[in-house]
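Below is one structure, written out as structure tokens; the observations come after it.
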Amino acid sequence: MSVIVRFAPSPTGYLHIGGARTALFNWLFARHHGGKFLLRIEDTDRQRSIPAAITAIIEGLKWFGLDWDDEIVMQSARLDRHAAVVAEMMARGTAYRCYCSPEELAAMRERQRAEGRPMRYEACGATGIQARLRRRQARHSSTRAADRQNRDPGRRPGRGRSRQRAAR
């Protein structure tokens with residue numbers, strides 16, 4: 001099995017020491033194991049991504065002596081693929097839309113920060129997850145009813161078959 005690692009900087013600013021460190025460790029790991037080191041530019045934030053930062057990141061990696069295998073991948077070039085995957089996930093019920101306003105999201109982050117909690121998405125997320133669980137339960141309710149009717153009468157609830165055999 002071949003090792004493939006990547007460095008995926010966001011060109012919203014210039015290459016900094018933390019990014020250079022990550023790139024170096026990934027490059028060393030790939031070279032040590034005879035694998036590939038890929039460079040993917042996370043340029044999907046169109047408003048904050050700047051071409052000068054992309055150039056600076058590439059030049060900085062070259063200055064450090066880090067080379068990458070294959071072509072540089074611009075994440076924005078795959079937006080159609082991302083949209084297709086999102087549509088598939090929405091159809092399967094494994095993703096949900098967020099209807100929170102930017103102000104609501106900012107208030108959520110500020111509340112979590114003030115409470116000393118890690119910032120997590122919680123507003124629509126809970127509603128979306130609950131809706132997904134309800135859809136899943138509705139899809140499988142007939143299956144579960146059939147399972148209950150066909151259940152082994154000697155089986156104790158909450159116990160796997162291997163435990164039952166060991167107890168007998």
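Chain labels A, B, ... are given in the sequence in which chains occur in the structure tokens; within each chain residues are numbered consecutively from 1, and ligands are likewise numbered from 1 in the order shown.
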Open item on the list: When you look at range 72-85 of chain A with a cut-off of 6 Å (counting only C-alpha atoms), what residues show up, excluding the ones that are within fewer than 3 positions of it in the same chain? I need them as number ranges by chain.
Closed with: A: 39-44, 88
- [ ] Determine which residues of range 1-78 of chain A receive a DSSP assignment of helix (DSSP H, G or I), computed from the backbone, and state them as a ChimeraX atom specification.
- [x] /A:17-32,51-63,75-78
TODO: With a distance cut-off of 8 Å and only C-alpha atoms, select the neighbouring residues of Arg109 in chain A, excluding the residue or stretch itself and same-chain residues fewer than 3 positions from it, and output the selection as a PyMOL selection string.
DONE: chain A and resi 105-106+112-113+119-120
Just to be explicit: take each residue in the selection above, keep C-alpha atoms, and write the result as a PDB file, in the first residue's frame.
```
ATOM      1  CA  LEU A 105     -24.119  31.699  14.023  1.00  0.00           C
ATOM      2  CA  ALA A 106     -21.984  34.514  15.444  1.00  0.00           C
ATOM      3  CA  GLN A 112     -19.855  28.962  23.460  1.00  0.00           C
ATOM      4  CA  ARG A 113     -16.701  31.064  23.802  1.00  0.00           C
ATOM      5  CA  MET A 119     -17.156  25.960  19.251  1.00  0.00           C
ATOM      6  CA  ARG A 120     -19.601  23.459  17.793  1.00  0.00           C
TER       7      ARG A 120
END
```
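In this model, the gap between CA of Ala52 in chain A and CA of Phe25 in chain A comes to 24.5 Å.
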Open item on the list: Could you go through range 31-137 of chain A and tell me which residues DSSP, when run on the backbone, assigns to strand (DSSP E), listing them as a ChimeraX atom specification?
Closed with: /A:36-41,73-74
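Going from CA of Pro102 in chain A to CA of Arg48 in chain A covers 16.7 Å.
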TODO: Quick one: pull the distance between CA of Ala53 in chain A and CA of Thr12 in chain A, Å, one decimal.
DONE: 6.7 Å
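Distances from A:Met90, A:Tyr96, A:Ser49, A:Trp27 to Asp67 in chain A were compared using only C-alpha atoms, and the smallest one belongs to A:Trp27.
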Find the spatial neighbours of Lys36 in chain A, counting only C-alpha atoms, within a cut-off of 8 Å - ignore same-chain residues fewer than 4 positions away - and output them as a PDB file with N, CA and C atoms, in the first residue's frame.
```
ATOM      1  N   SER A   2       0.617   2.152  -0.891  1.00  0.00           N
ATOM      2  CA  SER A   2       1.421   3.349  -1.031  1.00  0.00           C
ATOM      3  C   SER A   2       0.853   4.484  -0.176  1.00  0.00           C
ATOM      4  N   VAL A   3       1.735   5.243   0.413  1.00  0.00           N
ATOM      5  CA  VAL A   3       1.344   6.374   1.254  1.00  0.00           C
ATOM      6  C   VAL A   3       1.097   7.595   0.377  1.00  0.00           C
ATOM      7  N   ILE A   4      -0.025   8.275   0.620  1.00  0.00           N
ATOM      8  CA  ILE A   4      -0.309   9.546  -0.055  1.00  0.00           C
ATOM      9  C   ILE A   4      -0.711  10.539   1.023  1.00  0.00           C
ATOM     10  N   VAL A   5       0.040  11.638   1.101  1.00  0.00           N
ATOM     11  CA  VAL A   5      -0.282  12.702   2.053  1.00  0.00           C
ATOM     12  C   VAL A   5      -0.463  13.992   1.264  1.00  0.00           C
ATOM     13  N   ALA A  30       6.022  11.226   3.484  1.00  0.00           N
ATOM     14  CA  ALA A  30       5.824  10.659   2.142  1.00  0.00           C
ATOM     15  C   ALA A  30       7.145  10.163   1.568  1.00  0.00           C
ATOM     16  N   ARG A  31       8.194  10.961   1.681  1.00  0.00           N
ATOM     17  CA  ARG A  31       9.488  10.569   1.115  1.00  0.00           C
ATOM     18  C   ARG A  31      10.071   9.363   1.854  1.00  0.00           C
ATOM     19  N   TRP A  68       6.344  18.728  -4.703  1.00  0.00           N
ATOM     20  CA  TRP A  68       5.127  17.924  -4.609  1.00  0.00           C
ATOM     21  C   TRP A  68       5.017  17.060  -5.861  1.00  0.00           C
ATOM     22  N   ASP A  69       4.285  15.989  -5.697  1.00  0.00           N
ATOM     23  CA  ASP A  69       4.050  15.064  -6.802  1.00  0.00           C
ATOM     24  C   ASP A  69       2.732  15.452  -7.472  1.00  0.00           C
TER      25      ASP A  69
END
```
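Residue nearest Ala20 in chain A, chosen from A:Leu61, A:Ile50, A:Leu38, A:Ala91 and counting only C-alpha atoms: A:Leu61.
Counting only C-alpha atoms, the residue from A:Phe37, A:Arg46, A:Glu122, A:Cys98 that sits nearest to Pro11 in chain A is A:Arg46.
Proximity ranking of A:His32, A:Tyr121, A:Glu71, A:Tyr14 relative to Glu104 in chain A places A:Tyr121 first, based on only C-alpha atoms.
When only C-alpha atoms are used to compute distances to Leu28 in chain A, the closest of the residues A:Phe7, A:Ile57, A:Ser101, A:Glu115 turns out to be A:Phe7.
Counting only C-alpha atoms and comparing A:Asn26, A:Ala107, A:Tyr99, A:Val86, the residue that lies closest to Leu66 in chain A is A:Asn26.
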